[in-house]
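Down below is the structure, laid out as structure tokens.
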Amino acid sequence: MAIADVFCSLADLNDELTMPSELRRAHTQNDKAVMKAYGFSIKDSSEEIFIFNQRVIKV
């Protein structure tokens, strides 16, 4: 079943509990690709990413 075939709201699509598994997998793959593109390890903490973002904002 494709994501487009599932009838739900945007809130449902963004709710971790009701999100279709296909969409959750796509989010996970995207998260990994973005982390890799910015040179982060999947193990980097949210705090480290927050600090990086704060430095970028100041540039």
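Labels used: A, B, ... for chains in the order of the structure tokens, numbers from 1 for residues in each chain, and numbers from 1 for ligands as shown.
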In chain A, DSSP alpha helix (DSSP H) residues written as a PyMOL selection string: chain A and resi 10-14+21-37+46-58
Could you turn the residues from that selection into a file that holds N, CA, C and O atoms, as a compact mmCIF listing (two decimals), in the first residue's frame?
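Resulting contents of out.txt:
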# COMPACT_ATOMS: atom_id res chain seq x y z
N LEU A 10 -2.51 15.36 8.05
CA LEU A 10 -1.09 15.66 8.22
C LEU A 10 -0.64 15.38 9.65
O LEU A 10 0.47 14.92 9.87
N ALA A 11 -1.53 15.64 10.59
CA ALA A 11 -1.20 15.34 11.99
C ALA A 11 -0.95 13.85 12.17
O ALA A 11 -0.01 13.44 12.85
N ASP A 12 -1.78 13.01 11.54
CA ASP A 12 -1.58 11.56 11.62
C ASP A 12 -0.26 11.15 10.98
O ASP A 12 0.44 10.29 11.49
N LEU A 13 0.07 11.78 9.86
CA LEU A 13 1.30 11.44 9.16
C LEU A 13 2.54 11.81 9.96
O LEU A 13 3.60 11.23 9.77
N ASN A 14 2.42 12.80 10.83
CA ASN A 14 3.56 13.25 11.63
C ASN A 14 3.54 12.74 13.05
O ASN A 14 4.43 13.06 13.84
N SER A 21 4.21 2.87 8.40
CA SER A 21 5.57 2.34 8.52
C SER A 21 6.45 2.74 7.33
O SER A 21 7.65 3.00 7.50
N GLU A 22 5.88 2.81 6.15
CA GLU A 22 6.64 3.22 4.96
C GLU A 22 7.16 4.65 5.12
O GLU A 22 8.30 4.96 4.77
N LEU A 23 6.34 5.53 5.67
CA LEU A 23 6.75 6.91 5.89
C LEU A 23 7.79 6.99 7.00
O LEU A 23 8.75 7.75 6.89
N ARG A 24 7.64 6.20 8.05
CA ARG A 24 8.62 6.18 9.14
C ARG A 24 9.99 5.76 8.61
O ARG A 24 11.01 6.34 8.93
N ARG A 25 10.01 4.73 7.75
CA ARG A 25 11.28 4.28 7.15
C ARG A 25 11.89 5.40 6.30
O ARG A 25 13.11 5.61 6.34
N ALA A 26 11.07 6.09 5.54
CA ALA A 26 11.57 7.19 4.70
C ALA A 26 12.15 8.30 5.57
O ALA A 26 13.20 8.86 5.24
N HIS A 27 11.49 8.63 6.67
CA HIS A 27 12.00 9.64 7.60
C HIS A 27 13.35 9.21 8.17
O HIS A 27 14.28 10.01 8.25
N THR A 28 13.45 7.96 8.55
CA THR A 28 14.69 7.44 9.12
C THR A 28 15.83 7.50 8.10
O THR A 28 16.94 7.93 8.43
N GLN A 29 15.55 7.11 6.87
CA GLN A 29 16.58 7.16 5.82
C GLN A 29 16.99 8.60 5.56
O GLN A 29 18.18 8.90 5.38
N ASN A 30 16.03 9.52 5.54
CA ASN A 30 16.33 10.93 5.34
C ASN A 30 17.17 11.48 6.48
O ASN A 30 18.14 12.20 6.26
N ASP A 31 16.81 11.14 7.71
CA ASP A 31 17.57 11.59 8.88
C ASP A 31 19.03 11.14 8.77
O ASP A 31 19.95 11.92 9.02
N LYS A 32 19.24 9.89 8.39
CA LYS A 32 20.60 9.36 8.25
C LYS A 32 21.37 10.09 7.16
O LYS A 32 22.55 10.41 7.33
N ALA A 33 20.71 10.37 6.04
CA ALA A 33 21.37 11.06 4.92
C ALA A 33 21.76 12.49 5.31
O ALA A 33 22.86 12.95 4.99
N VAL A 34 20.89 13.17 6.02
CA VAL A 34 21.18 14.54 6.46
C VAL A 34 22.33 14.53 7.47
O VAL A 34 23.25 15.36 7.38
N MET A 35 22.29 13.60 8.42
CA MET A 35 23.37 13.51 9.41
C MET A 35 24.71 13.28 8.71
O MET A 35 25.70 13.92 9.03
N LYS A 36 24.72 12.39 7.74
CA LYS A 36 25.95 12.09 7.00
C LYS A 36 26.41 13.31 6.20
O LYS A 36 27.60 13.63 6.19
N ALA A 37 25.48 14.02 5.57
CA ALA A 37 25.82 15.19 4.75
C ALA A 37 26.48 16.28 5.60
O ALA A 37 27.36 17.00 5.11
N SER A 46 21.61 15.05 20.45
CA SER A 46 20.80 16.20 20.05
C SER A 46 21.47 17.49 20.52
O SER A 46 21.40 18.52 19.84
N GLU A 47 22.13 17.45 21.67
CA GLU A 47 22.80 18.64 22.19
C GLU A 47 23.93 19.08 21.25
O GLU A 47 24.08 20.27 20.97
N GLU A 48 24.70 18.12 20.72
CA GLU A 48 25.78 18.46 19.80
C GLU A 48 25.23 19.08 18.52
O GLU A 48 25.79 20.03 17.98
N ILE A 49 24.13 18.55 18.05
CA ILE A 49 23.50 19.08 16.83
C ILE A 49 22.94 20.48 17.10
O ILE A 49 23.07 21.39 16.27
N PHE A 50 22.35 20.68 18.28
CA PHE A 50 21.83 21.99 18.65
C PHE A 50 22.96 23.02 18.68
O PHE A 50 22.81 24.13 18.15
N ILE A 51 24.09 22.67 19.28
CA ILE A 51 25.23 23.58 19.35
C ILE A 51 25.72 23.92 17.95
O ILE A 51 26.02 25.09 17.64
N PHE A 52 25.79 22.93 17.07
CA PHE A 52 26.18 23.17 15.68
C PHE A 52 25.22 24.17 15.03
O PHE A 52 25.64 25.13 14.38
N ASN A 53 23.93 23.97 15.21
CA ASN A 53 22.93 24.87 14.62
C ASN A 53 23.08 26.28 15.16
O ASN A 53 22.92 27.25 14.41
N GLN A 54 23.38 26.42 16.43
CA GLN A 54 23.57 27.76 17.01
C GLN A 54 24.78 28.46 16.38
O GLN A 54 24.74 29.65 16.12
N ARG A 55 25.85 27.70 16.11
CA ARG A 55 27.02 28.27 15.46
C ARG A 55 26.69 28.71 14.03
O ARG A 55 27.14 29.75 13.57
N VAL A 56 25.90 27.92 13.33
CA VAL A 56 25.52 28.24 11.95
C VAL A 56 24.68 29.52 11.91
O VAL A 56 24.88 30.38 11.05
N ILE A 57 23.79 29.67 12.86
CA ILE A 57 22.92 30.85 12.92
C ILE A 57 23.75 32.12 13.08
O ILE A 57 23.42 33.16 12.50
N LYS A 58 24.83 32.05 13.83
CA LYS A 58 25.66 33.22 14.11
C LYS A 58 26.52 33.64 12.93
O LYS A 58 27.03 34.73 12.90
